[in-house]
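Dropping target_19.cif in here (mmCIF, C-alpha atoms):
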```
data_coords
loop_
_atom_site.label_atom_id
_atom_site.label_comp_id
_atom_site.auth_asym_id
_atom_site.auth_seq_id
_atom_site.Cartn_x
_atom_site.Cartn_y
_atom_site.Cartn_z
CA VAL A 94 111.15 100.03 173.76
CA ILE A 95 110.59 103.29 175.65
CA VAL A 96 113.18 104.03 178.31
CA PRO A 97 111.92 107.09 180.20
CA VAL A 98 114.64 108.70 182.29
CA GLU A 99 114.06 111.42 184.84
CA MET A 100 116.96 113.76 185.30
CA ALA A 101 117.72 114.99 188.78
CA GLY A 102 116.30 118.46 189.27
CA SER A 103 114.29 120.42 191.77
CA SER A 104 112.74 118.37 194.52
CA ARG A 105 109.80 120.79 194.52
CA LYS A 106 107.48 118.78 192.28
CA GLU A 107 103.76 118.29 192.31
CA CYS A 108 101.18 116.95 189.93
CA CYS A 109 98.81 119.51 188.61
CA ALA A 110 98.17 121.22 185.43
CA GLU A 111 97.07 120.93 181.88
CA ASP A 112 97.28 123.99 179.72
CA GLU A 113 96.27 124.17 176.09
CA ASP A 114 99.34 122.14 175.12
CA GLY A 115 98.68 119.25 177.48
CA PHE A 116 100.06 119.88 180.96
CA GLN A 117 97.54 118.15 183.15
CA LEU A 118 95.96 119.32 186.38
CA VAL A 119 94.63 116.33 188.28
CA ARG A 120 92.40 117.11 191.24
CA ARG A 121 90.05 115.47 193.68
CA ARG A 122 86.97 117.36 194.76
CA GLY A 123 88.16 119.84 197.32
CA GLY A 124 91.82 120.13 196.32
CA ARG A 125 94.86 118.98 194.42
CA VAL A 126 96.23 115.47 194.45
CA PRO A 127 99.40 115.72 196.60
CA HIS A 128 101.24 113.04 194.62
CA PRO A 129 100.73 112.41 190.89
CA PRO A 130 99.74 109.03 189.52
CA PRO A 131 102.39 107.42 187.27
CA TRP A 132 102.40 109.05 183.87
CA LYS A 133 101.35 106.72 181.05
CA PRO A 134 101.44 107.45 177.31
CA GLN A 135 98.12 108.12 175.63
CA GLU A 136 96.49 106.21 172.78
CA TYR A 137 98.00 106.88 169.36
CA SER A 138 95.98 107.88 166.31
CA GLY A 139 98.74 109.09 164.00
CA PRO A 140 100.55 107.51 161.05
CA GLU A 141 102.95 104.57 161.15
CA THR A 142 106.16 105.44 162.95
CA SER A 143 108.14 105.13 159.71
CA VAL A 144 105.85 107.71 158.12
CA LEU A 145 106.17 109.97 161.16
CA ARG A 146 109.98 109.77 161.05
CA ALA A 147 109.90 110.69 157.36
CA ARG A 148 107.64 113.67 158.07
CA LEU A 149 109.87 114.91 160.87
CA ASN A 150 113.01 114.53 158.75
CA SER A 151 111.29 116.42 155.95
CA ALA A 152 110.18 119.16 158.34
CA ARG A 153 113.71 119.45 159.70
CA LYS A 154 115.16 119.88 156.19
CA VAL A 155 112.60 122.60 155.47
CA MET A 156 113.48 124.25 158.78
CA GLU A 157 117.25 124.17 158.31
CA GLY A 158 116.91 125.62 154.81
CA SER A 159 114.65 128.48 155.88
CA ASP A 160 115.48 132.14 156.42
CA PHE A 161 113.69 131.75 159.76
CA TYR A 162 116.31 129.29 161.01
CA LEU A 163 119.24 131.35 159.76
CA GLU A 164 117.82 134.38 161.56
CA LEU A 165 117.28 132.34 164.73
CA VAL A 166 120.89 131.14 164.71
CA ASP A 167 121.95 134.77 164.38
CA VAL A 168 119.66 135.70 167.29
CA LEU A 169 121.23 132.96 169.43
CA ARG A 170 124.72 134.28 168.67
CA LYS A 171 123.76 137.87 169.47
CA ALA A 172 121.85 136.96 172.62
CA LEU A 173 124.38 134.56 174.10
CA GLY A 174 127.70 135.67 172.67
CA SER A 175 130.64 133.66 173.92
CA GLN A 176 128.40 132.06 176.57
CA GLY A 177 126.17 130.38 173.97
CA VAL A 178 126.95 126.82 175.06
CA PHE A 179 124.13 124.81 176.63
CA ARG A 180 124.81 121.68 178.63
CA GLU A 181 121.20 120.62 178.14
CA VAL A 182 118.08 121.42 176.17
CA VAL A 183 114.71 120.75 177.81
CA CYS A 184 111.52 120.68 175.76
CA TYR A 185 108.12 120.97 177.43
CA GLY A 186 104.68 120.95 175.81
CA ILE A 187 105.58 119.94 172.25
CA GLY A 188 102.14 118.42 171.58
CA HIS A 189 101.16 115.59 169.26
CA ILE A 190 103.98 115.33 166.74
CA GLY A 191 102.13 112.43 165.09
CA SER A 192 99.05 114.39 164.08
CA SER A 193 99.86 118.11 164.37
CA HIS A 194 101.77 119.83 161.55
CA GLN A 195 102.48 122.69 163.93
CA ALA A 196 104.02 120.33 166.48
CA GLN A 197 106.07 118.66 163.74
CA HIS A 198 107.61 121.98 162.70
CA GLN A 199 108.25 122.89 166.34
CA PHE A 200 109.97 119.55 166.90
CA ALA A 201 111.95 120.09 163.71
CA LEU A 202 113.26 123.34 165.18
CA LEU A 203 114.16 121.51 168.40
CA LEU A 204 116.24 119.04 166.39
CA ALA A 205 117.88 121.82 164.40
CA VAL A 206 118.71 123.83 167.53
CA ARG A 207 120.13 120.71 169.15
CA GLU A 208 122.41 120.21 166.15
CA HIS A 209 123.54 123.83 166.35
CA CYS A 210 124.05 123.98 170.13
CA LYS A 211 125.28 120.39 170.59
CA PRO A 212 124.13 119.92 174.21
CA LEU A 213 125.07 116.83 176.19
CA CYS A 214 121.42 115.83 176.38
CA THR A 215 118.03 116.90 175.02
CA TRP A 216 115.03 116.12 177.24
CA VAL A 217 111.37 116.02 176.17
CA PHE A 218 108.11 115.86 178.11
CA ASP A 219 104.47 116.30 177.24
CA PRO A 220 101.77 114.11 178.83
CA ALA A 221 99.87 114.29 175.54
CA LEU A 222 102.53 112.20 173.79
CA CYS A 223 101.70 108.63 172.76
CA GLU A 224 103.92 105.58 172.97
CA GLU A 225 104.65 105.58 169.24
CA GLU A 226 105.60 109.26 169.38
CA LEU A 227 107.90 108.61 172.34
CA VAL A 228 109.64 105.82 170.43
CA VAL A 229 110.29 108.12 167.47
CA ILE A 230 111.52 110.92 169.74
CA GLN A 231 114.04 108.57 171.32
CA GLU A 232 115.10 107.19 167.94
CA LEU A 233 115.88 110.77 166.96
CA GLY A 234 118.27 111.09 169.90
CA CYS A 235 116.18 112.72 172.63
CA SER A 236 115.56 111.45 176.17
CA ILE A 237 112.14 111.28 177.83
CA ILE A 238 111.44 112.82 181.24
CA ALA A 239 109.54 110.23 183.24
CA LYS A 240 107.36 112.51 185.38
CA ASN A 241 105.33 115.66 184.90
CA GLU A 242 107.59 118.27 186.49
CA LEU A 243 105.15 121.10 185.71
CA CYS A 244 108.24 122.90 184.40
CA LYS A 245 109.58 123.24 187.96
CA ARG A 246 113.11 122.23 187.01
CA SER A 247 116.05 123.88 188.72
CA VAL A 248 119.30 124.03 186.76
CA SER A 249 122.92 124.04 187.83
CA HIS A 250 124.41 124.68 184.37
CA PRO A 251 123.40 126.58 181.22
CA THR A 252 120.13 125.13 179.92
CA LEU A 253 117.87 126.08 177.02
CA PHE A 254 114.17 125.52 177.65
CA PHE A 255 112.19 125.01 174.46
CA MET A 256 108.54 125.74 175.33
CA PRO A 257 106.62 127.02 172.28
CA HIS A 258 103.07 128.08 173.19
CA CYS A 259 102.99 126.71 176.72
CA GLY A 260 100.60 128.42 179.12
CA LYS A 261 102.02 131.30 181.15
CA ALA A 262 101.68 129.25 184.36
CA MET A 263 104.37 126.90 183.03
CA TYR A 264 106.83 129.73 182.34
CA ASN A 265 106.01 131.11 185.78
CA ASN A 266 106.79 127.72 187.35
CA LEU A 267 110.13 127.53 185.57
CA LEU A 268 111.12 131.00 186.76
CA TRP A 269 110.16 130.11 190.32
CA ALA A 270 112.29 126.95 190.24
CA ASN A 271 115.32 129.08 189.30
CA TRP A 272 114.51 132.20 191.28
CA SER A 273 117.94 133.39 192.39
CA ALA A 274 120.67 135.63 191.04
CA GLU A 275 122.89 132.56 190.65
CA ARG A 276 120.47 130.26 188.81
CA LEU A 277 118.47 132.55 186.56
CA PRO A 278 121.37 133.56 184.26
CA ARG A 279 121.82 129.86 183.45
CA VAL A 280 118.32 129.77 181.95
CA ALA A 281 117.31 130.64 178.38
CA ILE A 282 113.72 130.22 177.19
CA ILE A 283 112.24 129.92 173.72
CA GLY A 284 108.56 130.50 174.34
CA ASN A 285 105.70 132.96 174.42
CA SER A 286 106.77 136.59 174.57
CA PHE A 287 106.96 137.95 178.12
CA THR A 288 106.67 141.44 176.67
CA SER A 289 103.36 140.51 175.06
CA TYR A 290 102.06 139.23 178.40
CA SER A 291 103.00 142.58 179.98
CA GLU A 292 101.37 144.55 177.16
CA ARG A 293 98.18 142.50 176.88
CA LEU A 294 97.37 141.98 180.55
CA PRO A 295 96.77 144.61 183.23
CA ALA A 296 99.72 144.75 185.62
CA THR A 297 97.62 143.67 188.60
CA ARG A 298 96.27 140.64 186.73
CA LEU A 299 99.71 139.54 185.51
CA ALA A 300 101.12 139.92 189.03
CA GLN A 301 98.30 137.78 190.37
CA GLU A 302 98.37 135.07 187.68
CA ALA A 303 102.12 134.93 186.93
CA SER A 304 104.04 136.92 189.51
CA PHE A 305 107.48 135.74 188.42
CA ILE A 306 106.88 136.79 184.81
CA SER A 307 105.66 140.12 186.17
CA HIS A 308 108.79 140.55 188.28
CA ILE A 309 111.33 139.56 185.64
CA SER A 310 109.91 140.99 182.41
CA SER A 311 111.76 144.30 182.80
CA TYR A 312 115.07 142.56 183.57
CA CYS A 313 115.26 139.95 180.80
CA LEU A 314 116.49 140.46 177.27
CA GLU A 315 113.92 139.34 174.72
CA PHE A 316 114.62 138.56 171.07
CA PRO A 317 111.46 138.04 168.98
CA LEU A 318 111.58 135.15 166.53
CA PRO A 319 110.87 135.98 162.87
CA ARG A 320 107.83 134.74 160.99
CA TYR A 321 108.01 131.11 159.87
CA HIS A 322 106.14 131.00 156.56
CA PRO A 323 105.73 127.20 156.14
CA GLU A 324 103.70 127.05 159.40
CA PRO A 325 102.98 130.64 160.57
CA ASN A 326 101.25 129.72 163.85
CA ALA A 327 104.05 127.44 165.04
CA PHE A 328 106.16 130.32 166.37
CA SER A 329 103.78 133.27 166.42
CA ASP A 330 104.50 135.70 169.27
CA THR A 331 107.52 133.58 170.27
CA SER A 332 110.79 134.97 171.62
CA LEU A 333 114.14 133.91 172.98
CA HIS A 334 114.48 135.15 176.58
CA VAL A 335 117.83 135.42 178.35
CA PHE A 336 118.81 136.81 181.74
CA PRO A 337 122.27 138.44 181.61
CA PRO A 338 124.19 138.29 184.91
CA LYS A 339 124.89 142.04 184.91
CA THR A 340 121.21 142.83 184.53
CA VAL A 341 120.11 140.21 187.03
CA SER A 342 122.58 141.64 189.58
CA THR A 343 120.57 144.90 189.60
CA ILE A 344 117.34 143.21 190.72
CA PRO A 345 116.41 144.46 194.21
CA ALA A 346 116.59 142.02 197.11
CA THR A 347 112.89 142.59 197.76
CA VAL A 348 112.10 141.01 194.38
CA TRP A 349 114.12 137.88 195.16
CA SER A 350 112.46 137.59 198.56
CA ASP A 351 109.03 137.18 196.94
CA CYS A 352 109.56 133.53 196.17
CA SER A 353 106.47 131.64 197.32
CA GLU A 354 105.72 128.58 195.21
CA PRO A 355 103.08 129.44 192.60
CA THR A 356 99.73 127.72 192.68
CA LEU A 357 97.66 126.87 189.63
CA ASN A 358 94.20 128.32 189.24
CA PRO A 359 91.81 125.70 187.77
CA GLU A 360 89.61 128.55 186.49
CA ASP A 361 92.44 129.86 184.33
CA PRO A 362 91.40 129.39 180.66
CA GLU A 363 94.93 128.17 179.90
CA ILE A 364 94.45 125.24 182.27
CA ILE A 365 92.14 122.30 181.55
CA VAL A 366 91.05 120.42 184.64
CA THR A 367 90.69 116.68 183.96
#
```

Using the file provided, produce a representation of the structure as structure tokens.
Amino acid sequence: VIVPVEMAGSSRKECCAEDEDGFQLVRRRGGRVPHPPPWKPQEYSGPETSVLRARLNSARKVMEGSDFYLELVDVLRKALGSQGVFREVVCYGIGHIGSSHQAQHQFALLLAVREHCKPLCTWVFDPALCEEELVVIQELGCSIIAKNELCKRSVSHPTLFFMPHCGKAMYNNLLWANWSAERLPRVAIIGNSFTSYSERLPATRLAQEASFISHISSYCLEFPLPRYHPEPNAFSDTSLHVFPPKTVSTIPATVWSDCSEPTLNPEDPEIIVT
């Protein structure tokens, strides 16, 4: 039985967006739907749940025995120091763990990080997930977020967001939801490199498409993840991002004042309009 639970977070929620990892943008002709329809799991085409559990357990053992994981644990210690305690871990955009080897290795890292950090709760959401996948995720000790938050989750305590290969609009939404000198230091993100966004995209384009990434990239500390040889694409160009209070305190007030809610561009190649 699936028991989806939505944790209290930001009240600023809308339905919109699907990037390449499944966040769905639902629109009528002429504009966005103001309120999302209830989220329902998709049809499943993967293996039996017992087989899926075995594959995930196997992937986790491979992960925990890898040099990649040992290096990541070291990165977490260096990045977070004595503050490296997360009350919660939130995973967005994990993809089809039933059929994707890449998603299975990413989920294996989520489980390994949870074991290392020992948060009070680990939350998971991806509208691409099927009912059988949701059952397995809950059997492995994670809780399901009931609604598509579009990553607009505000936090009141230290939280690790696990978002491998989400579209930049989703990282931008998360930053917006925590856009203050008090909230942002509580956020840590494992996801696409902000530095790579800054290097690959012209400054004017990044400011237009992801203004909060543009604003914060020079103030966050970024720790690139090493190469993961069993599944090289699973964590390619992925980093841990943290926002130290001392650094955040130097951000000019004019930057904080630019806090309009981001809108999603349906022409963005990272967003699939359905």

(request) Have a look at CA of Val168 (chain A) and CA of Ile306 (chain A) and let me know their distance in Å, one decimal. (result) 21.7 Å

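By chain and then residue number, the residues within 10 Å of Asp330 (chain A) are Pro257, His258, Gly284, Asn285, Ser286, Phe287, Thr288, Ser289, Pro317, Leu318, Pro319, Arg320, Asn326 and Ala327 of chain A, counting all atoms listed in the file and disregarding those fewer than 3 positions away in sequence.
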
(request) Could you tell me how far CA of Ala270 (chain A) lies from CA of Lys171 (chain A), in Å and to one decimal? (result)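 Spanning CA of Ala270 (chain A) to CA of Lys171 (chain A) is a straight-line distance of 26.1 Å.
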
Take the PyMOL selection byres ((chain A and resi 332-338) around 10), apply it to the structure above, and return the hits as a short mmCIF file (atom, residue, chain, number, x, y, z; two decimals) with C-alpha atoms, in the coordinates of the input.
```cif
data_model
loop_
_atom_site.label_atom_id
_atom_site.label_comp_id
_atom_site.auth_asym_id
_atom_site.auth_seq_id
_atom_site.Cartn_x
_atom_site.Cartn_y
_atom_site.Cartn_z
CA LEU A 165 117.28 132.34 164.73
CA VAL A 168 119.66 135.70 167.29
CA LEU A 169 121.23 132.96 169.43
CA ALA A 172 121.85 136.96 172.62
CA LEU A 173 124.38 134.56 174.10
CA LEU A 253 117.87 126.08 177.02
CA PHE A 254 114.17 125.52 177.65
CA PHE A 255 112.19 125.01 174.46
CA PRO A 257 106.62 127.02 172.28
CA ALA A 274 120.67 135.63 191.04
CA GLU A 275 122.89 132.56 190.65
CA ARG A 276 120.47 130.26 188.81
CA LEU A 277 118.47 132.55 186.56
CA PRO A 278 121.37 133.56 184.26
CA ARG A 279 121.82 129.86 183.45
CA VAL A 280 118.32 129.77 181.95
CA ALA A 281 117.31 130.64 178.38
CA ILE A 282 113.72 130.22 177.19
CA ILE A 283 112.24 129.92 173.72
CA GLY A 284 108.56 130.50 174.34
CA ASN A 285 105.70 132.96 174.42
CA SER A 286 106.77 136.59 174.57
CA PHE A 287 106.96 137.95 178.12
CA THR A 288 106.67 141.44 176.67
CA SER A 289 103.36 140.51 175.06
CA ILE A 309 111.33 139.56 185.64
CA SER A 310 109.91 140.99 182.41
CA TYR A 312 115.07 142.56 183.57
CA CYS A 313 115.26 139.95 180.80
CA LEU A 314 116.49 140.46 177.27
CA GLU A 315 113.92 139.34 174.72
CA PHE A 316 114.62 138.56 171.07
CA PRO A 317 111.46 138.04 168.98
CA LEU A 318 111.58 135.15 166.53
CA PRO A 319 110.87 135.98 162.87
CA PHE A 328 106.16 130.32 166.37
CA SER A 329 103.78 133.27 166.42
CA ASP A 330 104.50 135.70 169.27
CA THR A 331 107.52 133.58 170.27
CA LYS A 339 124.89 142.04 184.91
CA THR A 340 121.21 142.83 184.53
CA VAL A 341 120.11 140.21 187.03
CA SER A 342 122.58 141.64 189.58
CA THR A 343 120.57 144.90 189.60
#
```

Quick one: contact table of region 222-338 of chain A to region 143-155 of chain A, 12 Å max, nearest atom pair and distance in Å to one decimal per residue, counting all atoms listed in the file, chain and number order, as CSV?
```
residue,atom,partner,partner_atom,distance
A:Glu225,CA,A:Leu145,CA,9.3
A:Glu226,CA,A:Leu145,CA,8.3
A:Leu227,CA,A:Leu145,CA,11.4
A:Val228,CA,A:Arg146,CA,10.2
A:Val229,CA,A:Arg146,CA,6.6
A:Ile230,CA,A:Arg146,CA,8.9
A:Gln231,CA,A:Arg146,CA,11.1
A:Glu232,CA,A:Arg146,CA,9.0
A:Leu233,CA,A:Arg146,CA,8.4
A:Tyr321,CA,A:Val155,CA,10.6
A:His322,CA,A:Val155,CA,10.7
A:Pro323,CA,A:Val155,CA,8.3
A:Glu324,CA,A:Ala152,CA,10.3
```

(message) Quick check, in Å to one decimal: how far apart do CA of Pro220 (chain A) and CA of Gln301 (chain A) lie?
(response)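 Taking CA of Pro220 (chain A) and CA of Gln301 (chain A), their separation equals 26.6 Å.
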
(request) List the residues selected by the PyMOL selection byres ((chain A and resi 201-203) around 7) in the file shown, writing them as number ranges by chain. (result) A: 149, 152-153, 156, 197-200, 204-207

Determine the residue set returned by the PyMOL selection byres ((chain A and resi 248) around 10) for the present structure, and present it as a PDB file with C-alpha atoms, keeping the file's coordinate frame.
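Printed below is result-v1.pdb as written:
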```pdb
ATOM      1  CA  ALA A 101     117.720 114.990 188.780  1.00  0.00           C
ATOM      2  CA  GLY A 102     116.300 118.460 189.270  1.00  0.00           C
ATOM      3  CA  SER A 103     114.290 120.420 191.770  1.00  0.00           C
ATOM      4  CA  GLU A 181     121.200 120.620 178.140  1.00  0.00           C
ATOM      5  CA  LYS A 245     109.580 123.240 187.960  1.00  0.00           C
ATOM      6  CA  ARG A 246     113.110 122.230 187.010  1.00  0.00           C
ATOM      7  CA  SER A 247     116.050 123.880 188.720  1.00  0.00           C
ATOM      8  CA  SER A 249     122.920 124.040 187.830  1.00  0.00           C
ATOM      9  CA  HIS A 250     124.410 124.680 184.370  1.00  0.00           C
ATOM     10  CA  PRO A 251     123.400 126.580 181.220  1.00  0.00           C
ATOM     11  CA  THR A 252     120.130 125.130 179.920  1.00  0.00           C
ATOM     12  CA  LEU A 267     110.130 127.530 185.570  1.00  0.00           C
ATOM     13  CA  ALA A 270     112.290 126.950 190.240  1.00  0.00           C
ATOM     14  CA  ASN A 271     115.320 129.080 189.300  1.00  0.00           C
ATOM     15  CA  ARG A 276     120.470 130.260 188.810  1.00  0.00           C
ATOM     16  CA  LEU A 277     118.470 132.550 186.560  1.00  0.00           C
ATOM     17  CA  ARG A 279     121.820 129.860 183.450  1.00  0.00           C
ATOM     18  CA  VAL A 280     118.320 129.770 181.950  1.00  0.00           C
TER      19      VAL A 280
END
```

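In this comparison, which uses only C-alpha atoms, the residue of A:Cys244, A:Ala239, A:Cys214, A:Met263 approaching Phe179 (chain A) most closely is A:Cys214.
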
(request) Identify which of the residues A:Trp272, A:Arg293, A:Ala262, A:Ile344 lies closest to Thr356 (chain A), counting only C-alpha atoms when measuring atom-to-atom distances. (result)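 Under the stated criterion, the closest residue is A:Ala262.
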
(message) With distances taken over only C-alpha atoms, which residue among A:Val217, A:Val348, A:Lys240, A:His209 lies nearest Glu157 (chain A)?
(response) A:His209

Add whatever atoms are absent from region 210-220 of chain A to reach all heavy atoms, and provide the output as a short mmCIF file (atom, residue, chain, number, x, y, z; two decimals), in the coordinates of the input.
```
data_model
loop_
_atom_site.label_atom_id
_atom_site.label_comp_id
_atom_site.auth_asym_id
_atom_site.auth_seq_id
_atom_site.Cartn_x
_atom_site.Cartn_y
_atom_site.Cartn_z
N CYS A 210 123.50 123.73 168.80
CA CYS A 210 124.05 123.98 170.13
C CYS A 210 124.86 122.81 170.68
O CYS A 210 125.69 123.00 171.57
CB CYS A 210 122.91 124.31 171.10
SG CYS A 210 122.02 125.83 170.71
N LYS A 211 124.58 121.61 170.18
CA LYS A 211 125.28 120.39 170.59
C LYS A 211 125.32 120.20 172.11
O LYS A 211 126.41 120.09 172.73
CB LYS A 211 126.70 120.36 170.00
CG LYS A 211 126.71 120.42 168.48
CD LYS A 211 128.08 120.22 167.92
CE LYS A 211 128.10 120.39 166.40
NZ LYS A 211 127.10 119.57 165.69
N PRO A 212 124.16 120.17 172.76
CA PRO A 212 124.13 119.92 174.21
C PRO A 212 124.49 118.47 174.52
O PRO A 212 124.45 117.60 173.64
CB PRO A 212 122.67 120.21 174.58
CG PRO A 212 121.92 119.84 173.33
CD PRO A 212 122.81 120.26 172.19
N LEU A 213 124.79 118.20 175.78
CA LEU A 213 125.07 116.83 176.19
C LEU A 213 123.81 115.98 176.13
O LEU A 213 123.88 114.77 175.89
CB LEU A 213 125.65 116.81 177.60
CG LEU A 213 127.02 117.47 177.78
CD1 LEU A 213 127.45 117.40 179.24
CD2 LEU A 213 128.06 116.81 176.88
N CYS A 214 122.66 116.59 176.40
CA CYS A 214 121.42 115.83 176.38
C CYS A 214 120.27 116.75 176.02
O CYS A 214 120.27 117.94 176.36
CB CYS A 214 121.16 115.17 177.73
SG CYS A 214 119.79 113.98 177.70
N THR A 215 119.27 116.19 175.34
CA THR A 215 118.03 116.90 175.02
C THR A 215 116.87 116.11 175.62
O THR A 215 116.68 114.94 175.30
CB THR A 215 117.84 117.04 173.50
OG1 THR A 215 118.93 117.79 172.96
CG2 THR A 215 116.54 117.76 173.17
N TRP A 216 116.11 116.76 176.51
CA TRP A 216 115.03 116.12 177.24
C TRP A 216 113.68 116.59 176.70
O TRP A 216 113.53 117.75 176.33
CB TRP A 216 115.11 116.47 178.72
CG TRP A 216 116.38 116.03 179.37
CD1 TRP A 216 117.54 116.74 179.47
CD2 TRP A 216 116.62 114.77 180.00
NE1 TRP A 216 118.50 116.00 180.14
CE2 TRP A 216 117.96 114.80 180.48
CE3 TRP A 216 115.84 113.65 180.23
CZ2 TRP A 216 118.52 113.73 181.15
CZ3 TRP A 216 116.40 112.58 180.91
CH2 TRP A 216 117.74 112.63 181.36
N VAL A 217 112.70 115.70 176.69
CA VAL A 217 111.37 116.02 176.17
C VAL A 217 110.31 115.50 177.14
O VAL A 217 110.42 114.39 177.66
CB VAL A 217 111.14 115.38 174.77
CG1 VAL A 217 109.72 115.65 174.28
CG2 VAL A 217 112.16 115.92 173.77
N PHE A 218 109.29 116.33 177.37
CA PHE A 218 108.11 115.86 178.11
C PHE A 218 106.86 116.58 177.64
O PHE A 218 106.85 117.80 177.48
CB PHE A 218 108.24 116.08 179.62
CG PHE A 218 107.02 115.58 180.37
CD1 PHE A 218 106.91 114.24 180.70
CD2 PHE A 218 105.97 116.43 180.68
CE1 PHE A 218 105.78 113.76 181.34
CE2 PHE A 218 104.84 115.96 181.32
CZ PHE A 218 104.74 114.62 181.65
N ASP A 219 105.83 115.81 177.42
CA ASP A 219 104.47 116.30 177.24
C ASP A 219 103.54 115.13 177.53
O ASP A 219 103.66 114.08 176.88
CB ASP A 219 104.24 116.82 175.82
CG ASP A 219 102.92 117.57 175.68
OD1 ASP A 219 101.93 117.14 176.30
OD2 ASP A 219 102.86 118.57 174.94
N PRO A 220 102.64 115.25 178.51
CA PRO A 220 101.77 114.11 178.83
C PRO A 220 100.82 113.76 177.71
O PRO A 220 100.18 112.70 177.76
CB PRO A 220 101.02 114.58 180.08
CG PRO A 220 101.11 116.07 180.05
CD PRO A 220 102.43 116.39 179.41
#
```
